[in-house]
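target-v1.pdb follows; it contains PDB, C-alpha atoms and all ligand atoms.
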ATOM      1  CA  MET K   1     -20.465 -12.682   5.078
ATOM      2  CA  THR K   2     -22.649 -10.052   6.723
ATOM      3  CA  LYS K   3     -24.552  -7.409   4.792
ATOM      4  CA  ASN K   4     -25.636  -5.304   7.770
ATOM      5  CA  THR K   5     -22.962  -2.642   7.518
ATOM      6  CA  HIS K   6     -24.369  -0.209  10.080
ATOM      7  CA  ARG K   7     -22.846  -2.059  13.011
ATOM      8  CA  PHE K   8     -19.304  -3.338  13.078
ATOM      9  CA  PRO K   9     -19.084  -7.092  13.580
ATOM     10  CA  ALA K  10     -17.108  -8.280  16.620
ATOM     11  CA  TRP K  11     -14.094  -9.289  14.530
ATOM     12  CA  LEU K  12     -13.557  -5.678  13.453
ATOM     13  CA  LYS K  13     -13.206  -4.179  16.925
ATOM     14  CA  GLN K  14      -9.575  -3.202  17.310
ATOM     15  CA  ARG K  15      -7.742  -1.572  20.197
ATOM     16  CA  ILE K  16      -5.879   1.675  19.472
ATOM     17  CA  GLY K  17      -2.374   1.443  20.840
ATOM     18  CA  ALA K  18      -1.004   3.701  23.517
ATOM     19  CA  GLY K  19       2.080   1.872  24.811
ATOM     20  CA  ALA K  20       5.625   3.195  25.019
ATOM     21  CA  GLU K  21       6.666   1.945  21.574
ATOM     22  CA  PHE K  22       3.553   3.470  19.989
ATOM     23  CA  GLN K  23       4.399   6.818  21.603
ATOM     24  CA  HIS K  24       7.998   6.575  20.462
ATOM     25  CA  THR K  25       6.938   5.915  16.851
ATOM     26  CA  GLN K  26       4.484   8.817  16.957
ATOM     27  CA  LYS K  27       7.005  11.251  18.466
ATOM     28  CA  THR K  28       9.763  10.255  16.044
ATOM     29  CA  LEU K  29       7.493  10.799  13.041
ATOM     30  CA  GLN K  30       6.368  14.159  14.398
ATOM     31  CA  LYS K  31       9.879  15.289  15.205
ATOM     32  CA  LEU K  32      11.064  14.484  11.681
ATOM     33  CA  GLY K  33       7.980  16.042  10.100
ATOM     34  CA  LEU K  34       7.152  12.871   8.167
ATOM     35  CA  GLU K  35       3.775  11.852   6.839
ATOM     36  CA  THR K  36       2.506   8.277   6.962
ATOM     37  CA  ILE K  37      -0.249   6.532   5.105
ATOM     38  CA  CYS K  38      -1.161   5.089   8.506
ATOM     39  CA  THR K  39      -2.600   8.431   9.640
ATOM     40  CA  ASN K  40      -3.556   9.933   6.286
ATOM     41  CA  ALA K  41      -5.636   6.907   5.334
ATOM     42  CA  ASN K  42      -6.974   6.423   8.849
ATOM     43  CA  CYS K  43      -5.605   2.903   8.954
ATOM     44  CA  PRO K  44      -7.124   0.776  11.712
ATOM     45  CA  ASN K  45      -3.809  -1.014  12.353
ATOM     46  CA  ARG K  46      -1.890   1.906  13.810
ATOM     47  CA  GLY K  47      -2.088   0.498  17.321
ATOM     48  CA  ASP K  48      -0.559  -2.749  16.178
ATOM     49  CA  CYS K  49       2.014  -1.467  13.687
ATOM     50  CA  TRP K  50       3.271   1.541  15.596
ATOM     51  CA  SER K  51       3.546  -0.544  18.767
ATOM     52  CA  ARG K  52       5.813  -2.879  16.810
ATOM     53  CA  GLY K  53       7.911   0.100  15.643
ATOM     54  CA  THR K  54       6.788  -0.015  12.007
ATOM     55  CA  ALA K  55       5.010   2.558   9.876
ATOM     56  CA  THR K  56       4.532   3.230   6.177
ATOM     57  CA  VAL K  57       6.064   6.512   5.131
ATOM     58  CA  LEU K  58       4.101   8.668   2.715
ATOM     59  CA  ILE K  59       6.470  10.684   0.558
ATOM     60  CA  LEU K  60       5.830  13.464  -1.965
ATOM     61  CA  GLY K  61       3.364  15.273   0.277
ATOM     62  CA  LYS K  62      -0.145  14.522   1.423
ATOM     63  CA  ILE K  63      -2.071  16.078  -1.465
ATOM     64  CA  CYS K  64      -2.996  13.614  -4.203
ATOM     65  CA  THR K  65      -3.734  14.502  -7.822
ATOM     66  CA  ARG K  66      -6.495  11.837  -7.949
ATOM     67  CA  ASN K  67      -9.707  11.547  -6.009
ATOM     68  CA  CYS K  68     -10.317   7.883  -5.226
ATOM     69  CA  LYS K  69     -13.560   7.347  -3.375
ATOM     70  CA  PHE K  70     -12.218   4.768  -0.948
ATOM     71  CA  CYS K  71      -9.348   6.940   0.268
ATOM     72  CA  SER K  72      -9.263   9.822   2.730
ATOM     73  CA  VAL K  73      -5.972  11.347   1.568
ATOM     74  CA  GLY K  74      -6.531  14.975   0.553
ATOM     75  CA  HIS K  75      -6.559  15.865  -3.138
ATOM     76  CA  GLY K  76      -5.774  19.006  -5.061
ATOM     77  CA  ARG K  77      -2.619  20.700  -6.291
ATOM     78  CA  PRO K  78       0.452  19.293  -4.519
ATOM     79  CA  LEU K  79       3.647  21.138  -3.591
ATOM     80  CA  PRO K  80       6.940  20.363  -5.336
ATOM     81  CA  PRO K  81       8.893  17.425  -3.829
ATOM     82  CA  ASP K  82      10.678  18.448  -0.626
ATOM     83  CA  PRO K  83      14.452  18.059  -1.098
ATOM     84  CA  THR K  84      14.898  17.476   2.662
ATOM     85  CA  GLU K  85      12.544  14.497   2.714
ATOM     86  CA  PRO K  86      15.115  11.806   1.762
ATOM     87  CA  GLU K  87      17.304  12.842   4.738
ATOM     88  CA  ARG K  88      14.354  12.814   7.085
ATOM     89  CA  VAL K  89      13.238   9.361   5.989
ATOM     90  CA  SER K  90      16.801   8.154   6.429
ATOM     91  CA  ALA K  91      16.877   9.623   9.941
ATOM     92  CA  LEU K  92      13.663   7.767  10.744
ATOM     93  CA  ALA K  93      15.142   4.458   9.641
ATOM     94  CA  LYS K  94      18.247   5.099  11.706
ATOM     95  CA  GLU K  95      16.500   6.306  14.811
ATOM     96  CA  MET K  96      14.006   3.450  14.813
ATOM     97  CA  ARG K  97      16.628   0.907  13.771
ATOM     98  CA  LEU K  98      14.347  -0.252  10.969
ATOM     99  CA  ARG K  99      15.356  -3.233   8.909
ATOM    100  CA  TYR K 100      12.390  -3.064   6.550
ATOM    101  CA  LEU K 101      10.803   0.128   5.287
ATOM    102  CA  VAL K 102       7.641   0.474   3.237
ATOM    103  CA  ILE K 103       7.485   3.701   1.253
ATOM    104  CA  THR K 104       4.441   4.899  -0.610
ATOM    105  CA  SER K 105       3.288   8.143  -2.152
ATOM    106  CA  VAL K 106       0.274  10.017  -3.320
ATOM    107  CA  ASP K 107      -0.367  10.083  -7.075
ATOM    108  CA  ARG K 108       1.776  12.794  -8.628
ATOM    109  CA  ASP K 109       0.373  13.145 -12.145
ATOM    110  CA  ASP K 110       1.744  16.708 -12.082
ATOM    111  CA  LEU K 111       5.363  15.481 -12.195
ATOM    112  CA  PRO K 112       6.835  14.306 -15.517
ATOM    113  CA  ASP K 113       8.249  11.158 -13.875
ATOM    114  CA  GLY K 114       5.239  10.590 -11.596
ATOM    115  CA  GLY K 115       7.539  11.007  -8.592
ATOM    116  CA  ALA K 116       9.853   8.077  -9.440
ATOM    117  CA  GLY K 117      12.972  10.229  -9.143
ATOM    118  CA  HIS K 118      12.007  11.204  -5.608
ATOM    119  CA  PHE K 119      11.444   7.537  -4.637
ATOM    120  CA  ARG K 120      14.931   6.880  -5.955
ATOM    121  CA  ARG K 121      16.496   9.718  -3.976
ATOM    122  CA  VAL K 122      14.825   8.487  -0.794
ATOM    123  CA  ILE K 123      16.137   4.947  -1.290
ATOM    124  CA  GLN K 124      19.647   6.037  -2.154
ATOM    125  CA  THR K 125      19.878   8.459   0.757
ATOM    126  CA  CYS K 126      18.551   5.855   3.205
ATOM    127  CA  ARG K 127      21.039   3.276   1.975
ATOM    128  CA  GLN K 128      24.005   5.527   2.635
ATOM    129  CA  GLU K 129      23.145   5.663   6.329
ATOM    130  CA  ASN K 130      21.361   2.308   6.680
ATOM    131  CA  PRO K 131      23.082  -0.178   4.380
ATOM    132  CA  GLU K 132      21.143  -3.190   5.715
ATOM    133  CA  LEU K 133      17.745  -1.625   5.167
ATOM    134  CA  GLU K 134      15.336  -3.484   2.878
ATOM    135  CA  PHE K 135      12.660  -1.608   0.971
ATOM    136  CA  GLU K 136       9.178  -2.199  -0.215
ATOM    137  CA  LEU K 137       7.781   0.387  -2.610
ATOM    138  CA  LEU K 138       4.071   0.886  -2.999
ATOM    139  CA  VAL K 139       3.880   3.093  -6.050
ATOM    140  CA  PRO K 140       1.136   4.887  -7.994
ATOM    141  CA  ASP K 141       0.264   3.689 -11.504
ATOM    142  CA  PHE K 142       2.675   6.202 -13.155
ATOM    143  CA  ARG K 143      -0.103   6.997 -15.589
ATOM    144  CA  ASP K 144       1.757   8.550 -18.505
ATOM    145  CA  CYS K 145       5.291   7.516 -17.673
ATOM    146  CA  GLN K 146       5.431   3.860 -16.679
ATOM    147  CA  GLU K 147       8.533   2.970 -18.711
ATOM    148  CA  GLN K 148      10.330   6.131 -17.658
ATOM    149  CA  ALA K 149       9.525   5.559 -13.980
ATOM    150  CA  LEU K 150      10.726   1.953 -14.085
ATOM    151  CA  GLU K 151      13.915   3.028 -15.808
ATOM    152  CA  ILE K 152      14.554   5.589 -13.064
ATOM    153  CA  LEU K 153      14.018   2.980 -10.345
ATOM    154  CA  SER K 154      16.141   0.324 -12.056
ATOM    155  CA  ASP K 155      19.405   1.204 -10.387
ATOM    156  CA  CYS K 156      18.093   1.249  -6.830
ATOM    157  CA  ARG K 157      16.856  -2.314  -6.539
ATOM    158  CA  PRO K 158      16.449  -4.657  -4.729
ATOM    159  CA  PHE K 159      13.059  -3.913  -3.329
ATOM    160  CA  VAL K 160       9.609  -5.415  -3.340
ATOM    161  CA  PHE K 161       7.676  -3.580  -6.014
ATOM    162  CA  GLY K 162       4.066  -3.030  -5.054
ATOM    163  CA  HIS K 163       1.184  -1.454  -6.863
ATOM    164  CA  ASN K 164      -2.342  -1.954  -5.601
ATOM    165  CA  ILE K 165      -5.092  -3.021  -7.953
ATOM    166  CA  GLU K 166      -7.487  -2.071  -5.100
ATOM    167  CA  THR K 167     -10.770  -3.414  -6.493
ATOM    168  CA  VAL K 168     -12.433  -5.245  -9.361
ATOM    169  CA  PRO K 169     -12.608  -3.527 -12.783
ATOM    170  CA  ARG K 170     -16.395  -3.041 -12.697
ATOM    171  CA  LEU K 171     -16.014  -0.809  -9.638
ATOM    172  CA  TYR K 172     -13.228   1.392 -10.988
ATOM    173  CA  PRO K 173     -15.533   4.173 -12.240
ATOM    174  CA  SER K 174     -17.105   4.597  -8.805
ATOM    175  CA  ALA K 175     -14.130   3.750  -6.567
ATOM    176  CA  ARG K 176     -11.074   4.763  -8.550
ATOM    177  CA  PRO K 177     -12.236   7.147 -11.281
ATOM    178  CA  GLY K 178      -8.720   8.312 -12.192
ATOM    179  CA  GLY K 179      -7.405   4.767 -12.435
ATOM    180  CA  ASP K 180      -7.513   2.125 -15.106
ATOM    181  CA  TYR K 181      -7.532  -1.579 -14.266
ATOM    182  CA  ARG K 182      -5.531  -2.622 -17.330
ATOM    183  CA  ARG K 183      -3.000   0.164 -16.777
ATOM    184  CA  SER K 184      -2.402  -1.039 -13.227
ATOM    185  CA  LEU K 185      -1.914  -4.617 -14.410
ATOM    186  CA  ALA K 186       0.420  -3.358 -17.124
ATOM    187  CA  LEU K 187       2.658  -1.661 -14.570
ATOM    188  CA  LEU K 188       3.081  -4.888 -12.599
ATOM    189  CA  LYS K 189       3.773  -6.799 -15.801
ATOM    190  CA  LYS K 190       6.358  -4.301 -17.028
ATOM    191  CA  ALA K 191       8.123  -4.379 -13.657
ATOM    192  CA  LYS K 192       8.292  -8.174 -13.740
ATOM    193  CA  GLU K 193       9.536  -8.226 -17.322
ATOM    194  CA  ARG K 194      12.315  -5.767 -16.509
ATOM    195  CA  TRP K 195      13.248  -7.252 -13.160
ATOM    196  CA  PRO K 196      12.414 -10.979 -13.036
ATOM    197  CA  GLU K 197      14.201 -11.297  -9.662
ATOM    198  CA  THR K 198      12.061  -8.606  -8.059
ATOM    199  CA  GLN K 199       8.999  -9.654  -6.083
ATOM    200  CA  THR K 200       5.930  -7.837  -7.323
ATOM    201  CA  LYS K 201       2.987  -7.296  -5.034
ATOM    202  CA  SER K 202      -0.581  -6.063  -5.164
ATOM    203  CA  ALA K 203      -3.542  -5.694  -2.843
ATOM    204  CA  LEU K 204      -7.275  -5.473  -3.015
ATOM    205  CA  MET K 205     -10.006  -4.402  -0.678
ATOM    206  CA  LEU K 206     -13.089  -6.539  -0.222
ATOM    207  CA  GLY K 207     -16.485  -5.245   0.804
ATOM    208  CA  LEU K 208     -17.132  -2.657  -1.914
ATOM    209  CA  GLY K 209     -19.829  -4.709  -3.597
ATOM    210  CA  GLU K 210     -17.705  -7.039  -5.723
ATOM    211  CA  THR K 211     -18.747 -10.642  -6.403
ATOM    212  CA  ASP K 212     -16.731 -13.778  -5.676
ATOM    213  CA  GLU K 213     -16.347 -14.393  -9.400
ATOM    214  CA  GLU K 214     -14.932 -10.901  -9.864
ATOM    215  CA  ILE K 215     -12.424 -11.359  -7.033
ATOM    216  CA  ARG K 216     -11.288 -14.673  -8.434
ATOM    217  CA  GLN K 217     -10.820 -13.078 -11.856
ATOM    218  CA  VAL K 218      -8.664 -10.304 -10.371
ATOM    219  CA  LEU K 219      -6.488 -12.885  -8.635
ATOM    220  CA  MET K 220      -6.133 -14.788 -11.903
ATOM    221  CA  ASP K 221      -5.322 -11.583 -13.793
ATOM    222  CA  LEU K 222      -2.630 -10.715 -11.252
ATOM    223  CA  ARG K 223      -1.110 -14.162 -11.499
ATOM    224  CA  SER K 224      -1.201 -14.142 -15.283
ATOM    225  CA  GLU K 225       0.870 -10.932 -15.145
ATOM    226  CA  CYS K 226       3.262 -12.764 -12.799
ATOM    227  CA  CYS K 227       2.416 -10.826  -9.669
ATOM    228  CA  ASP K 228       4.102 -12.708  -6.795
ATOM    229  CA  ARG K 229       2.473 -11.394  -3.648
ATOM    230  CA  VAL K 230      -1.053 -10.474  -2.745
ATOM    231  CA  ALA K 231      -2.776  -8.909   0.240
ATOM    232  CA  MET K 232      -6.540  -8.801   0.770
ATOM    233  CA  GLY K 233      -8.359  -6.885   3.489
ATOM    234  CA  GLN K 234     -11.738  -5.488   4.455
ATOM    235  CA  TYR K 235     -12.598  -2.071   3.037
ATOM    236  CA  LEU K 236     -13.449   0.280   5.889
ATOM    237  CA  ARG K 237     -14.844   3.701   5.190
ATOM    238  CA  PRO K 238     -12.052   6.105   6.192
ATOM    239  CA  ASP K 239     -14.303   9.170   6.438
ATOM    240  CA  LYS K 240     -17.865  10.272   5.779
ATOM    241  CA  ASN K 241     -17.093  11.362   2.204
ATOM    242  CA  SER K 242     -15.860   7.927   1.199
ATOM    243  CA  LEU K 243     -17.800   5.033  -0.284
ATOM    244  CA  GLN K 244     -20.049   3.025   2.004
ATOM    245  CA  VAL K 245     -19.067  -0.453   3.063
ATOM    246  CA  GLU K 246     -21.306  -2.851   1.158
ATOM    247  CA  GLU K 247     -20.345  -5.988   3.017
ATOM    248  CA  PHE K 248     -18.330  -7.207   5.985
ATOM    249  CA  VAL K 249     -16.438 -10.250   4.822
ATOM    250  CA  THR K 250     -15.958 -12.846   7.550
ATOM    251  CA  PRO K 251     -12.529 -14.048   8.720
ATOM    252  CA  GLU K 252     -13.465 -17.527   7.468
ATOM    253  CA  LYS K 253     -14.089 -16.162   4.001
ATOM    254  CA  PHE K 254     -10.727 -14.390   4.067
ATOM    255  CA  ASN K 255      -9.128 -17.730   4.931
ATOM    256  CA  GLN K 256     -10.788 -19.210   1.866
ATOM    257  CA  TRP K 257      -9.431 -16.423  -0.300
ATOM    258  CA  ALA K 258      -5.953 -16.947   1.146
ATOM    259  CA  ALA K 259      -6.151 -20.640   0.240
ATOM    260  CA  ALA K 260      -7.402 -19.798  -3.259
ATOM    261  CA  ALA K 261      -4.564 -17.305  -3.775
ATOM    262  CA  ARG K 262      -1.952 -19.838  -2.692
ATOM    263  CA  GLN K 263      -3.473 -22.359  -5.025
ATOM    264  CA  LEU K 264      -3.115 -19.888  -7.872
ATOM    265  CA  GLY K 265       0.606 -19.705  -7.140
ATOM    266  CA  PHE K 266       1.145 -16.501  -5.157
ATOM    267  CA  SER K 267       4.308 -16.917  -3.102
ATOM    268  CA  TRP K 268       3.260 -14.555  -0.303
ATOM    269  CA  VAL K 269      -0.351 -14.183   0.746
ATOM    270  CA  MET K 270      -2.017 -12.238   3.474
ATOM    271  CA  ALA K 271      -5.787 -12.123   3.751
ATOM    272  CA  SER K 272      -7.745 -11.082   6.825
ATOM    273  CA  PRO K 273     -10.155  -8.300   7.755
ATOM    274  CA  PHE K 274      -7.306  -6.033   8.918
ATOM    275  CA  THR K 275      -4.851  -6.847   6.165
ATOM    276  CA  ARG K 276      -3.505  -3.844   4.285
ATOM    277  CA  SER K 277      -0.794  -3.986   1.645
ATOM    278  CA  SER K 278       1.804  -2.802   4.144
ATOM    279  CA  TYR K 279       0.527  -4.847   7.091
ATOM    280  CA  HIS K 280       3.259  -7.199   8.325
ATOM    281  CA  ALA K 281       4.937  -6.611   4.971
ATOM    282  CA  GLU K 282       8.314  -7.479   6.481
ATOM    283  CA  GLU K 283       7.254 -11.073   7.151
ATOM    284  CA  LYS K 284       8.841 -13.499   4.769
ATOM    285  CA  ALA K 285       6.314 -16.314   4.928
ATOM    286  CA  SER K 286       2.764 -16.217   3.717
ATOM    287  CA  GLY K 287       0.181 -15.649   6.402
TER     288      GLY K 287
HETATM  289  S1  LIG K 301      -1.067  -1.555   7.990
HETATM  290 FE1  LIG K 301       0.325  -0.173   6.889
HETATM  291  S2  LIG K 301      -0.776   1.785   6.764
HETATM  292 FE2  LIG K 301      -1.768   0.540   8.353
HETATM  293  S3  LIG K 301      -0.800   1.159  10.291
HETATM  294 FE3  LIG K 301       0.291  -0.652   9.506
HETATM  295  S4  LIG K 301       2.003   0.204   8.344
HETATM  296 FE4  LIG K 301       0.530   1.852   8.612
END

Target format structure tokens, applied to this file:
Amino acid sequence: MTKNTHRFPAWLKQRIGAGAEFQHTQKTLQKLGLETICTNANCPNRGDCWSRGTATVLILGKICTRNCKFCSVGHGRPLPPDPTEPERVSALAKEMRLRYLVITSVDRDDLPDGGAGHFRRVIQTCRQENPELEFELLVPDFRDCQEQALEILSDCRPFVFGHNIETVPRLYPSARPGGDYRRSLALLKKAKERWPETQTKSALMLGLGETDEEIRQVLMDLRSECCDRVAMGQYLRPDKNSLQVEEFVTPEKFNQWAAAARQLGFSWVMASPFTRSSYHAEEKASG
């Protein structure tokens, strides 16, 4: 662990990609007018992921109805869902010959179904053109409509169902003021109860000031709600308005957390400074 957060430790220096595949990914996204969480959240892995021809598509616009303090996605009043978006996502999958697609969205508390119907349209449209495509959904907490949203998504499985717990409950008021730790756990539990065959997944960021005991408790809470997969990565401040980094967690410590998570029974684990919930999501084995 290092507490001096003014200077990046050596293990957090990452090269931004500029190779041919990176350019191709960038141009294809631009041409299709698609948003990604990679750019909107200032993800440090763009060089790596885009050079491998993968990206995480951000649907339902780039204006979020929440204002999480760890996230740089804009917030305010979003536009209605774009009916052309499912076709454009499908074209992306086809053009990039994707076999695995991670789709996420901003929080859409303004929509009665939280945006679930739009997720469904995207999946169904993509499947018509790309029947082999596998999906991973990284969904919001569907605040007032969890059962309704799960019902809507029921007929477009299989997919990995992800919802990020993000941080420990003590830090929710400062980091995720519109969220609720128990509500997020409840969504994962409800998904598992409805769809026992579906892999559920969550992720948390380390370095926001949480203690080891608190992290361990979150992992235990996730397992007790039958969450199957977990990703843990270093929180990095995405812009100057976001929360400060309180701690740089060492790669060795991440390895310890990976071992602890496996011991708790997670079937897929990824834990490293650069891990994000969508990072190497297509890999089957735990890393
Ligand atoms: S880790 Fe996820 S959000 Fe980051 S660049 Fe890769 S696909 Fe995009």

message: Can you pull out every residue with an atom within 10 Å of ligand LIG 301 (chain K)? Use all atoms listed in the file and format it as an MDAnalysis selection string.
response: chainID K and resid 36:58 101:104 274:281

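Restricting the calculation to all atoms listed in the file, the smallest distance between Arg262 (chain K) and any of K:Arg66, K:Arg157, K:Arg120, K:Arg229 is found for K:Arg229.
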
task: Name the residues captured by the PyMOL selection byres (((chain K and resi 114) around 10) and not hetatm) when it is applied to the shown file; answer as a count of residues only.
output: 24

task: Using the chain letters and numbering of this document, enumerate as JSON, numbers by chain the residues selected by the PyMOL selection byres (((chain K and resi 244) around 10) and not hetatm).
output: {"K": [5, 6, 69, 70, 207, 208, 209, 235, 236, 237, 238, 239, 240, 241, 242, 243, 245, 246, 247]}

Selection above as a file: C-alpha atoms, as a PDB file, in the coordinates of the input:
ATOM      1  CA  THR K   5     -22.962  -2.642   7.518  1.00  0.00           C
ATOM      2  CA  HIS K   6     -24.369  -0.209  10.080  1.00  0.00           C
ATOM      3  CA  LYS K  69     -13.560   7.347  -3.375  1.00  0.00           C
ATOM      4  CA  PHE K  70     -12.218   4.768  -0.948  1.00  0.00           C
ATOM      5  CA  GLY K 207     -16.485  -5.245   0.804  1.00  0.00           C
ATOM      6  CA  LEU K 208     -17.132  -2.657  -1.914  1.00  0.00           C
ATOM      7  CA  GLY K 209     -19.829  -4.709  -3.597  1.00  0.00           C
ATOM      8  CA  TYR K 235     -12.598  -2.071   3.037  1.00  0.00           C
ATOM      9  CA  LEU K 236     -13.449   0.280   5.889  1.00  0.00           C
ATOM     10  CA  ARG K 237     -14.844   3.701   5.190  1.00  0.00           C
ATOM     11  CA  PRO K 238     -12.052   6.105   6.192  1.00  0.00           C
ATOM     12  CA  ASP K 239     -14.303   9.170   6.438  1.00  0.00           C
ATOM     13  CA  LYS K 240     -17.865  10.272   5.779  1.00  0.00           C
ATOM     14  CA  ASN K 241     -17.093  11.362   2.204  1.00  0.00           C
ATOM     15  CA  SER K 242     -15.860   7.927   1.199  1.00  0.00           C
ATOM     16  CA  LEU K 243     -17.800   5.033  -0.284  1.00  0.00           C
ATOM     17  CA  VAL K 245     -19.067  -0.453   3.063  1.00  0.00           C
ATOM     18  CA  GLU K 246     -21.306  -2.851   1.158  1.00  0.00           C
ATOM     19  CA  GLU K 247     -20.345  -5.988   3.017  1.00  0.00           C
TER      20      GLU K 247
END

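This file gives the following result for the PyMOL selection byres (((chain K and resi 265) around 12) and not hetatm): Leu219, Met220, Leu222, Arg223, Ser224, Glu225, Cys226, Cys227, Asp228, Arg229, Val230, Ala258, Ala259, Ala260, Ala261, Arg262, Gln263, Leu264, Phe266, Ser267, Trp268, Val269 and Ser286 of chain K.
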
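Minimum atom-to-atom distances from K:Leu12, K:Leu29, K:Cys68, K:Ile152 to Pro173 (chain K) were compared using only C-alpha atoms, and the lowest value belongs to K:Cys68.
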
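Residue nearest Arg216 (chain K), chosen from K:Phe8, K:Phe22, K:Trp257, K:Tyr172 and counting only C-alpha atoms: K:Trp257.
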
Kindly list the centre and edge lengths in Å, rounded to one decimal, for the axis-aligned box that covers all listed atoms of region 8-26 of chain K plus 5 Å on each of its six sides, as AutoDock Vina command-line options.
--center_x -5.7 --center_y -0.2 --center_z 19.0 --size_x 37.3 --size_y 28.1 --size_z 21.9

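The two atoms in question, CA of Pro131 (chain K) and CA of Glu147 (chain K), are spaced 27.5 Å apart.
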
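Within the 9 Å cut-off around Glu129 (chain K), using all atoms listed in the file and omitting residues fewer than 3 positions from it on the same chain, the listed residues are Ser90, Ala91, Ala93, Lys94, Thr125 and Cys126 of chain K.
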
Would you output that residue set with C-alpha atoms, as a CSV table (one decimal), keeping the file's coordinate frame?
chain,number,residue,atom,x,y,z
K,90,SER,CA,16.8,8.2,6.4
K,91,ALA,CA,16.9,9.6,9.9
K,93,ALA,CA,15.1,4.5,9.6
K,94,LYS,CA,18.2,5.1,11.7
K,125,THR,CA,19.9,8.5,0.8
K,126,CYS,CA,18.6,5.9,3.2

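Using only C-alpha atoms, the shortest contact distance between Met270 (chain K) and any of K:Leu204, K:Ile215, K:Val249, K:Ile123 is found at K:Leu204.
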
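Pairwise distance (CA of Cys156 (chain K), CA of Leu138 (chain K)) equals 14.5 Å.
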
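Here the question is which of K:Leu187, K:Phe248, K:Gly179, K:Asp212 gets nearest to His163 (chain K) using only C-alpha atoms, and that residue is K:Leu187.
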
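Between CA of Ser72 (chain K) and CA of Leu98 (chain K) there is a distance of 27.0 Å.
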
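For the choices K:Ser154, K:Asn255, K:Gln217, K:Ser272, the atom-to-atom distance to Arg170 (chain K) is smallest for K:Gln217 when using all atoms listed in the file.
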